[in-house]
file upload.txt (compact mmCIF, C-alpha atoms and all ligand atoms)
# COMPACT_ATOMS: atom_id res chain seq x y z
CA MET A 1 28.79 28.84 -46.39
CA PHE A 2 30.96 28.85 -43.29
CA LYS A 3 34.69 28.43 -43.36
CA LEU A 4 36.24 25.94 -41.06
CA PHE A 5 39.87 25.46 -40.12
CA ARG A 6 41.91 23.76 -42.79
CA ARG A 7 42.23 20.01 -42.66
CA GLN A 8 45.68 18.68 -41.89
CA GLU A 9 47.68 18.14 -45.01
CA VAL A 10 47.85 14.42 -45.66
CA VAL A 11 50.67 13.05 -47.74
CA PRO A 12 49.61 9.78 -49.35
CA ALA A 13 52.20 7.02 -49.36
CA SER A 14 51.23 6.12 -52.90
CA ASP A 15 48.63 6.97 -55.52
CA GLU A 16 46.14 4.79 -53.66
CA PRO A 17 43.43 6.78 -51.94
CA LYS A 18 43.95 6.83 -48.22
CA ALA A 19 41.84 4.43 -46.16
CA VAL A 20 40.61 6.02 -42.95
CA ILE A 21 39.07 2.71 -41.93
CA ASP A 22 40.62 -0.59 -42.94
CA VAL A 23 39.04 -3.55 -41.18
CA ARG A 24 40.28 -7.05 -41.95
CA GLU A 25 38.35 -10.17 -41.04
CA ILE A 26 37.10 -8.82 -37.78
CA THR A 27 35.12 -11.03 -35.45
CA LYS A 28 33.60 -10.17 -32.09
CA HIS A 29 32.35 -12.81 -29.69
CA TYR A 30 30.60 -12.11 -26.41
CA LYS A 31 30.50 -14.73 -23.66
CA MET A 32 27.27 -14.90 -21.72
CA GLY A 33 27.65 -17.72 -19.22
CA ASP A 34 27.95 -20.86 -21.32
CA ILE A 35 26.65 -19.22 -24.44
CA GLU A 36 28.86 -17.44 -26.91
CA VAL A 37 27.25 -14.75 -29.04
CA GLN A 38 28.95 -14.12 -32.36
CA ALA A 39 28.15 -10.47 -32.89
CA LEU A 40 30.53 -10.07 -35.86
CA ARG A 41 31.45 -13.07 -37.99
CA GLY A 42 34.20 -11.82 -40.26
CA VAL A 43 33.84 -8.26 -41.48
CA ASP A 44 36.09 -6.71 -44.10
CA LEU A 45 35.58 -3.03 -44.72
CA LYS A 46 37.52 -0.17 -46.23
CA ILE A 47 36.36 3.42 -46.01
CA ILE A 48 38.36 5.95 -47.96
CA GLU A 49 39.10 9.49 -46.85
CA GLY A 50 36.23 11.80 -47.79
CA GLU A 51 33.53 9.14 -48.00
CA CYS A 52 30.08 9.53 -46.50
CA VAL A 53 28.73 6.10 -45.55
CA SER A 54 25.67 4.64 -43.82
CA ILE A 55 25.67 1.39 -41.92
CA MET A 56 22.21 -0.16 -41.81
CA GLY A 57 20.73 -3.44 -40.67
CA PRO A 58 18.09 -4.92 -38.38
CA SER A 59 18.37 -4.94 -34.60
CA GLY A 60 20.98 -7.39 -33.41
CA SER A 61 22.82 -7.43 -36.74
CA GLY A 62 26.01 -6.06 -35.16
CA LYS A 63 25.88 -2.34 -35.98
CA SER A 64 26.70 -1.12 -32.49
CA THR A 65 29.39 -3.74 -32.06
CA LEU A 66 30.99 -2.63 -35.33
CA MET A 67 30.66 1.06 -34.42
CA ASN A 68 32.29 0.46 -31.04
CA ILE A 69 35.23 -1.18 -32.76
CA LEU A 70 35.48 1.47 -35.49
CA GLY A 71 35.36 4.11 -32.75
CA ALA A 72 38.19 2.41 -30.85
CA LEU A 73 35.84 1.98 -27.89
CA ASP A 74 36.24 -1.78 -28.02
CA GLN A 75 38.63 -4.35 -29.46
CA PRO A 76 37.77 -7.15 -31.88
CA THR A 77 38.08 -10.80 -30.79
CA SER A 78 40.14 -11.49 -33.91
CA GLY A 79 41.16 -9.66 -37.04
CA GLU A 80 42.82 -6.32 -37.51
CA TYR A 81 41.75 -2.72 -37.63
CA PHE A 82 43.84 0.05 -39.14
CA LEU A 83 42.50 3.48 -38.26
CA ASP A 84 44.06 6.22 -40.36
CA GLY A 85 47.01 3.91 -40.97
CA VAL A 86 47.53 2.88 -37.32
CA ASN A 87 46.89 -0.71 -36.26
CA VAL A 88 44.62 -0.18 -33.29
CA SER A 89 43.67 -3.81 -32.75
CA ARG A 90 46.64 -4.31 -30.46
CA LEU A 91 46.70 -1.09 -28.45
CA SER A 92 46.28 -0.80 -24.68
CA GLU A 93 43.33 1.03 -23.09
CA ASN A 94 45.37 4.21 -22.65
CA GLU A 95 46.69 4.20 -26.17
CA LEU A 96 43.17 3.58 -27.49
CA ALA A 97 41.82 6.53 -25.51
CA ARG A 98 44.51 8.79 -26.92
CA ILE A 99 43.87 7.76 -30.51
CA ARG A 100 40.14 8.05 -30.03
CA ASN A 101 40.39 11.61 -28.80
CA LYS A 102 42.69 12.57 -31.63
CA LYS A 103 41.19 10.82 -34.63
CA ILE A 104 37.47 10.37 -34.02
CA GLY A 105 34.57 12.71 -33.43
CA PHE A 106 31.45 11.06 -32.00
CA VAL A 107 27.87 12.22 -32.45
CA PHE A 108 25.13 10.28 -30.65
CA GLN A 109 21.37 10.07 -30.94
CA SER A 110 20.90 11.60 -27.48
CA PHE A 111 23.40 14.49 -28.02
CA ASN A 112 25.28 13.60 -24.78
CA LEU A 113 25.79 17.21 -23.71
CA LEU A 114 26.57 18.31 -20.15
CA LYS A 115 23.51 19.94 -18.56
CA ARG A 116 24.95 22.99 -16.84
CA THR A 117 27.61 23.79 -19.38
CA SER A 118 27.53 26.46 -22.09
CA ALA A 119 27.84 25.52 -25.74
CA LEU A 120 31.28 27.12 -25.91
CA ARG A 121 32.54 25.16 -22.91
CA GLN A 122 31.16 21.85 -24.24
CA VAL A 123 33.11 22.34 -27.44
CA GLU A 124 36.26 23.38 -25.56
CA LEU A 125 36.32 20.18 -23.51
CA PRO A 126 37.89 17.84 -26.10
CA LEU A 127 40.56 20.48 -26.68
CA MET A 128 41.31 20.52 -22.96
CA TYR A 129 41.70 16.74 -22.87
CA ALA A 130 44.01 16.96 -25.86
CA GLY A 131 46.02 19.76 -24.22
CA VAL A 132 45.52 22.07 -27.17
CA SER A 133 46.09 25.83 -26.87
CA GLY A 134 43.92 28.62 -28.29
CA ARG A 135 40.87 26.68 -27.19
CA GLN A 136 38.31 29.45 -27.10
CA LYS A 137 39.05 30.62 -30.59
CA LYS A 138 38.88 27.10 -32.01
CA ALA A 139 35.68 26.27 -30.14
CA LYS A 140 34.08 29.48 -31.40
CA ALA A 141 35.09 28.69 -34.98
CA ALA A 142 33.57 25.21 -34.70
CA LEU A 143 30.30 26.64 -33.34
CA GLU A 144 30.24 29.20 -36.14
CA ALA A 145 30.80 26.34 -38.58
CA VAL A 146 27.53 24.75 -37.45
CA GLY A 147 25.65 28.05 -37.49
CA LEU A 148 25.63 28.63 -33.73
CA GLY A 149 28.00 31.59 -33.54
CA SER A 150 25.33 33.66 -31.79
CA ARG A 151 24.48 31.01 -29.20
CA ILE A 152 27.83 30.18 -27.67
CA ASP A 153 26.77 31.14 -24.12
CA HIS A 154 23.55 29.12 -24.16
CA LEU A 155 22.96 26.07 -21.98
CA PRO A 156 21.51 22.92 -23.60
CA SER A 157 18.13 23.68 -21.96
CA GLU A 158 18.09 26.99 -23.85
CA LEU A 159 18.59 25.31 -27.22
CA SER A 160 16.27 23.30 -29.46
CA GLY A 161 17.01 19.63 -30.17
CA GLY A 162 18.49 20.47 -33.56
CA GLN A 163 20.68 23.16 -32.02
CA GLN A 164 21.86 20.80 -29.30
CA GLN A 165 22.85 18.26 -31.91
CA ARG A 166 24.76 21.02 -33.74
CA VAL A 167 26.69 21.72 -30.54
CA ALA A 168 27.51 18.01 -30.44
CA ILE A 169 28.71 18.18 -34.04
CA ALA A 170 30.90 21.19 -33.24
CA ARG A 171 32.34 19.23 -30.31
CA ALA A 172 33.02 16.27 -32.61
CA LEU A 173 34.76 18.53 -35.14
CA VAL A 174 36.89 20.70 -32.98
CA ASN A 175 39.87 18.35 -32.73
CA GLU A 176 39.97 18.01 -36.53
CA PRO A 177 39.40 14.26 -36.41
CA ALA A 178 40.12 11.87 -39.26
CA MET A 179 36.44 10.96 -39.22
CA ILE A 180 33.09 11.48 -37.56
CA LEU A 181 31.06 8.51 -36.34
CA ALA A 182 27.40 9.38 -35.96
CA ASP A 183 25.06 6.85 -34.35
CA GLU A 184 21.44 7.66 -35.32
CA PRO A 185 22.22 11.42 -35.14
CA THR A 186 18.73 12.42 -36.29
CA GLY A 187 16.91 9.73 -34.29
CA ASN A 188 15.62 12.17 -31.65
CA LEU A 189 14.85 15.04 -34.01
CA ASP A 190 11.77 16.12 -35.93
CA SER A 191 12.06 16.13 -39.72
CA ARG A 192 12.99 19.79 -40.01
CA SER A 193 15.78 19.67 -37.41
CA GLY A 194 16.93 16.38 -38.90
CA THR A 195 17.26 18.07 -42.26
CA GLU A 196 19.28 20.93 -40.75
CA VAL A 197 21.61 18.46 -39.12
CA MET A 198 22.00 16.49 -42.37
CA GLN A 199 22.77 19.74 -44.21
CA ILE A 200 25.63 20.36 -41.82
CA PHE A 201 26.99 16.84 -42.16
CA GLN A 202 26.80 17.06 -45.94
CA ARG A 203 28.60 20.38 -46.03
CA LEU A 204 31.33 19.12 -43.75
CA ASN A 205 31.74 16.12 -46.00
CA ARG A 206 31.54 17.91 -49.33
CA GLU A 207 33.29 21.16 -48.50
CA GLN A 208 35.80 20.07 -45.87
CA GLY A 209 36.30 16.49 -47.08
CA ILE A 210 35.58 15.08 -43.63
CA THR A 211 34.88 11.35 -43.63
CA ILE A 212 31.54 10.54 -42.04
CA VAL A 213 30.09 7.17 -41.02
CA PHE A 214 26.45 7.00 -39.94
CA VAL A 215 24.58 4.21 -38.26
CA THR A 216 20.94 4.63 -39.13
CA HIS A 217 17.64 2.81 -39.29
CA ASP A 218 16.26 5.56 -41.46
CA PRO A 219 16.43 4.96 -45.23
CA TRP A 220 15.74 8.63 -45.79
CA ILE A 221 19.00 9.50 -44.03
CA ALA A 222 20.88 6.73 -45.82
CA ARG A 223 19.67 8.13 -49.12
CA HIS A 224 21.66 11.31 -48.32
CA THR A 225 24.94 9.41 -48.08
CA ASN A 226 27.12 8.07 -50.88
CA ARG A 227 27.37 4.46 -49.84
CA VAL A 228 25.21 2.07 -47.85
CA ILE A 229 26.56 -0.94 -46.01
CA MET A 230 24.02 -3.45 -44.85
CA LEU A 231 24.71 -5.81 -41.95
CA ARG A 232 22.85 -8.95 -41.07
CA ASP A 233 23.80 -11.59 -38.48
CA GLY A 234 27.26 -10.12 -38.04
CA ARG A 235 28.15 -10.03 -41.71
CA ILE A 236 28.07 -7.45 -44.46
CA ILE A 237 25.40 -8.62 -46.88
CA ALA A 238 25.36 -5.59 -49.16
CA ASP A 239 27.72 -2.72 -49.89
CA ARG A 240 26.39 -0.34 -52.51
CA ALA A 241 27.05 3.10 -53.90
CA VAL A 242 23.94 5.26 -53.61
CA LYS A 243 22.77 6.40 -57.01
CA GLU A 244 22.29 10.15 -56.95
CA PRO A 245 22.46 10.86 -53.22
CA LEU A 246 19.86 13.39 -52.06
CA ILE A 247 20.91 16.89 -51.08
CA ALA A 248 19.55 17.68 -47.61
CA GLY A 249 16.75 20.23 -47.74
CA GLU A 250 16.23 19.99 -51.49
CA SER A 251 13.46 17.45 -51.45
CA GLU A 252 10.68 16.81 -49.01
CA ARG A 253 10.59 13.63 -47.00
CA PRO A 254 7.77 11.47 -48.40
CA SER A 255 4.84 10.96 -46.08
CA LEU A 256 3.52 7.83 -47.77
CA ALA A 257 4.72 4.46 -46.59
CA ASP A 258 5.18 3.00 -50.07
CA GLU A 259 7.28 5.95 -51.24
CA MET A 260 9.42 5.44 -48.15
CA GLU A 261 9.71 1.79 -49.08
CA GLU A 262 11.10 2.75 -52.47
CA ILE A 263 13.71 4.93 -50.82
CA LEU A 264 14.59 2.11 -48.51
CA GLN A 265 15.15 -0.20 -51.44
CA ALA A 266 17.22 2.37 -53.31
CA ALA A 267 19.34 3.00 -50.24
CA TYR A 268 19.85 -0.64 -49.27
CA TYR A 269 20.26 -2.13 -52.66
CA GLY A 270 21.07 0.66 -55.08
CA GLY A 271 17.99 -0.49 -56.96
CA GLN A 272 19.41 -3.98 -57.49
CA LYS A 273 17.67 -5.91 -54.79
CA GLU A 274 17.40 -9.12 -56.80
CA GLU A 275 21.14 -9.65 -56.41
CA TYR A 276 20.73 -10.29 -52.71
CA ASN A 277 17.67 -12.47 -52.49
P1 LIG B 1 22.70 -3.82 -33.40
O1 LIG B 1 23.39 -2.58 -32.94
O2 LIG B 1 22.72 -4.01 -34.88
O3 LIG B 1 21.31 -3.92 -32.86
P2 LIG B 1 24.53 -5.18 -31.63
O4 LIG B 1 25.90 -4.95 -32.11
O5 LIG B 1 24.07 -4.36 -30.48
O6 LIG B 1 23.50 -5.09 -32.84
O7 LIG B 1 24.39 -6.72 -31.20
C1 LIG B 1 24.81 -7.80 -32.02
C2 LIG B 1 24.63 -9.10 -31.24
O8 LIG B 1 25.56 -9.15 -30.15
C3 LIG B 1 23.26 -9.25 -30.60
O9 LIG B 1 22.91 -10.62 -30.63
C4 LIG B 1 23.47 -8.79 -29.18
O10 LIG B 1 22.55 -9.39 -28.31
C5 LIG B 1 24.90 -9.23 -28.91
N1 LIG B 1 25.59 -8.33 -27.96
C6 LIG B 1 25.89 -7.03 -28.15
N2 LIG B 1 26.56 -6.52 -27.11
C7 LIG B 1 26.70 -7.55 -26.22
C8 LIG B 1 27.32 -7.67 -24.94
N3 LIG B 1 27.94 -6.64 -24.35
N4 LIG B 1 27.25 -8.87 -24.33
C9 LIG B 1 26.63 -9.91 -24.91
N5 LIG B 1 26.06 -9.87 -26.11
C10 LIG B 1 26.08 -8.71 -26.77
MG MG B 2 22.63 -0.99 -31.79
call {"tool": "encode", "arguments": {"input": "upload.txt", "output": "structure tokens"}}
result
Amino acid sequence: MFKLFRRQEVVPASDEPKAVIDVREITKHYKMGDIEVQALRGVDLKIIEGECVSIMGPSGSGKSTLMNILGALDQPTSGEYFLDGVNVSRLSENELARIRNKKIGFVFQSFNLLKRTSALRQVELPLMYAGVSGRQKKAKAALEAVGLGSRIDHLPSELSGGQQQRVAIARALVNEPAMILADEPTGNLDSRSGTEVMQIFQRLNREQGITIVFVTHDPWIARHTNRVIMLRDGRIIADRAVKEPLIAGESERPSLADEMEEILQAAYYGGQKEEYN
């Protein structure tokens, strides 16, 4: 498979595996007139370097709120968040923006690409903001890493949905972030393109050791990750290792609803649903 740039050497302070995400008793309250919405009600969460995790849960359970905090796009009301060892819960807007650009790669459901901009240029942009040199070479390498080496001059309109999402992944990767946050990254893709995109994420995780956190409604996607965290009403109600994660492209997505249901149960509960009901 492709070769990507080497990950930065990380020297652990101790034998403990390094936590990329370390969230301690985080709450998030929104004020809407007289009403206060408690979107997160005390979340503790550690994600270790090299993990591949899904966050699941019904609408309104707090997934986006948690992702915004993990992505340093928003601050918690209370509690602390250490991102790659840095306490970000007390940083100013500017400091947050800097850390975000350096440590986090974002991939969104809707790709969020610029319309009249070539793939190469899209991937160069984060390097420009970071003031990095040798941009073209690095952007090319990232596009090659997602299998788009021959399409670097294409505009988004000249690429399929799956290819556009791969440009977005290259853009997320190019700054060598500590982790990638992917919010429903296959939500706008057909099954085949979704599989291609999952193959890339899995390779980045397994071969490059890049930490990946997905938000997904799709149990089939969650079944391809190593750990599933389930939110409900602003709390983590389940946190399970996935038994035998699927390898993207190796098995066909089931078309029957009850087979899908089984996958959902395996992903949410690691086959031990009775513990939670
Ligand atoms: P999810 O992504 O799981 O659907 P959210 O994090 O978007 O959940 O929302 C969690 C709760 O917080 C919901 O009750 C939602 O209405 C509320 N909420 C989210 N964002 C805001 C906001 N900016 N202002 C007020 N309430 C919000
Ligand atoms: Mg949401």
call {"tool": "residues_around", "arguments": {"input": "upload.txt", "residues": "Asp74 in chain A", "least_positions_apart": "6", "cutoff": "10 Å", "atoms": "all atoms listed in the file", "output": "list of chain:residue names"}}
result
A:Lys28, A:Thr65, A:Leu66, A:Met67, A:Asn68, A:Ser89, A:Glu93, A:Leu96
call {"tool": "residues_near_ligand", "arguments": {"input": "upload.txt", "ligand": "ligand MG 2 (chain B)", "cutoff": "8 Å", "atoms": "all atoms listed in the file", "output": "short mmCIF file (atom, residue, chain, number, x, y, z; two decimals) with C-alpha atoms, in the frame of the given file"}}
result
data_model
loop_
_atom_site.label_atom_id
_atom_site.label_comp_id
_atom_site.auth_asym_id
_atom_site.auth_seq_id
_atom_site.Cartn_x
_atom_site.Cartn_y
_atom_site.Cartn_z
CA SER A 59 18.37 -4.94 -34.60
CA GLY A 60 20.98 -7.39 -33.41
CA GLY A 62 26.01 -6.06 -35.16
CA LYS A 63 25.88 -2.34 -35.98
CA SER A 64 26.70 -1.12 -32.49
CA THR A 65 29.39 -3.74 -32.06
#
call {"tool": "residues_around", "arguments": {"input": "upload.txt", "residues": "range 163-172 of chain A", "least_positions_apart": "3", "cutoff": "6 Å", "atoms": "all atoms listed in the file", "output": "compact mmCIF listing (two decimals) with C-alpha atoms, in the coordinates of the input"}}
result
# COMPACT_ATOMS: atom_id res chain seq x y z
CA GLY A 105 34.57 12.71 -33.43
CA PHE A 106 31.45 11.06 -32.00
CA PHE A 111 23.40 14.49 -28.02
CA VAL A 123 33.11 22.34 -27.44
CA ALA A 142 33.57 25.21 -34.70
CA LEU A 143 30.30 26.64 -33.34
CA VAL A 146 27.53 24.75 -37.45
CA LEU A 159 18.59 25.31 -27.22
CA SER A 160 16.27 23.30 -29.46
call {"tool": "residues_near_ligand", "arguments": {"input": "upload.txt", "ligand": "ligand LIG 1 (chain B)", "cutoff": "10 Å", "atoms": "only C-alpha atoms and all ligand atoms", "output": "short mmCIF file (atom, residue, chain, number, x, y, z; two decimals) with C-alpha atoms, keeping the file's coordinate frame"}}
result
data_model
loop_
_atom_site.label_atom_id
_atom_site.label_comp_id
_atom_site.auth_asym_id
_atom_site.auth_seq_id
_atom_site.Cartn_x
_atom_site.Cartn_y
_atom_site.Cartn_z
CA LYS A 28 33.60 -10.17 -32.09
CA HIS A 29 32.35 -12.81 -29.69
CA TYR A 30 30.60 -12.11 -26.41
CA LYS A 31 30.50 -14.73 -23.66
CA MET A 32 27.27 -14.90 -21.72
CA GLY A 33 27.65 -17.72 -19.22
CA ILE A 35 26.65 -19.22 -24.44
CA GLU A 36 28.86 -17.44 -26.91
CA VAL A 37 27.25 -14.75 -29.04
CA GLN A 38 28.95 -14.12 -32.36
CA ALA A 39 28.15 -10.47 -32.89
CA LEU A 40 30.53 -10.07 -35.86
CA ILE A 55 25.67 1.39 -41.92
CA MET A 56 22.21 -0.16 -41.81
CA GLY A 57 20.73 -3.44 -40.67
CA PRO A 58 18.09 -4.92 -38.38
CA SER A 59 18.37 -4.94 -34.60
CA GLY A 60 20.98 -7.39 -33.41
CA SER A 61 22.82 -7.43 -36.74
CA GLY A 62 26.01 -6.06 -35.16
CA LYS A 63 25.88 -2.34 -35.98
CA SER A 64 26.70 -1.12 -32.49
CA THR A 65 29.39 -3.74 -32.06
CA LEU A 66 30.99 -2.63 -35.33
CA MET A 67 30.66 1.06 -34.42
CA ASN A 68 32.29 0.46 -31.04
CA ASP A 183 25.06 6.85 -34.35
CA VAL A 215 24.58 4.21 -38.26
CA THR A 216 20.94 4.63 -39.13
CA HIS A 217 17.64 2.81 -39.29
CA LEU A 231 24.71 -5.81 -41.95
CA ARG A 232 22.85 -8.95 -41.07
CA ASP A 233 23.80 -11.59 -38.48
CA GLY A 234 27.26 -10.12 -38.04
#
call {"tool": "residues_around", "arguments": {"input": "upload.txt", "residues": "Leu83 in chain A", "least_positions_apart": "5", "cutoff": "9 Å", "atoms": "all atoms listed in the file", "output": "list in words"}}
result
Ala19, Val20, Ile21, Asp22, Val23, Leu70, Ala72, Val88, Ile99, Lys103 and Ala178 of chain A
call {"tool": "atom_distance", "arguments": {"input": "upload.txt", "atom1": "CA of Ile237 in chain A", "atom2": "CA of Ile210 in chain A"}}
result
26.0 Å
call {"tool": "atom_distance", "arguments": {"input": "upload.txt", "atom1": "CA of Glu184 in chain A", "atom2": "CA of Ile212 in chain A"}}
result
12.5 Å
call {"tool": "closest_residue", "arguments": {"input": "upload.txt", "among": "A:Leu91, A:Ile69, A:Leu114, A:Ile263", "to": "Ile26 in chain A", "atoms": "all atoms listed in the file"}}
result
A:Ile69
call {"tool": "atom_distance", "arguments": {"input": "upload.txt", "atom1": "CA of Leu204 in chain A", "atom2": "CA of Gly249 in chain A"}}
result
15.2 Å
call {"tool": "closest_residue", "arguments": {"input": "upload.txt", "among": "A:Ile236, A:Leu45, A:Leu181, A:Ala119", "to": "Thr211 in chain A", "atoms": "only C-alpha atoms"}}
result
A:Leu181
call {"tool": "closest_residue", "arguments": {"input": "upload.txt", "among": "A:Val197, A:Met260, A:Ile247, A:Val213", "to": "Lys46 in chain A", "atoms": "only C-alpha atoms"}}
result
A:Val213
call {"tool": "closest_residue", "arguments": {"input": "upload.txt", "among": "A:Arg41, A:Arg151, A:Lys102, A:His224", "to": "Gly194 in chain A", "atoms": "all atoms listed in the file"}}
result
A:His224
call {"tool": "residues_near_point", "arguments": {"input": "upload.txt", "point": "(25.7, 12.8, -42.3)", "cutoff": "7 Å", "atoms": "all atoms listed in the file", "output": "NGL selection string"}}
result
:A and (52 or 198 or 201-202 or 212 or 214 or 225)
call {"tool": "residues_around", "arguments": {"input": "upload.txt", "residues": "Gln136 in chain A", "least_positions_apart": "6", "cutoff": "12 Å", "atoms": "only C-alpha atoms", "output": "JSON, numbers by chain"}}
result
{"A": [119, 120, 121, 122, 123, 124, 125, 126, 127, 128, 142, 143, 152, 174]}
call {"tool": "closest_residue", "arguments": {"input": "upload.txt", "among": "A:Leu264, A:Leu155, A:Ile48, A:Val43", "to": "Pro17 in chain A", "atoms": "all atoms listed in the file"}}
result
A:Ile48
call {"tool": "closest_residue", "arguments": {"input": "upload.txt", "among": "A:Ala182, A:Ile221, A:Met230, A:Ile47", "to": "Glu196 in chain A", "atoms": "all atoms listed in the file"}}
result
A:Ile221
call {"tool": "axis_aligned_box", "arguments": {"input": "upload.txt", "around": "range 109-116 of chain A", "padding_each_side": "3 Å", "output": "lines of an AutoDock Vina configuration file"}}
result
center_x = 23.7
center_y = 16.5
center_z = -23.9
size_x = 11.7
size_y = 18.9
size_z = 20.1
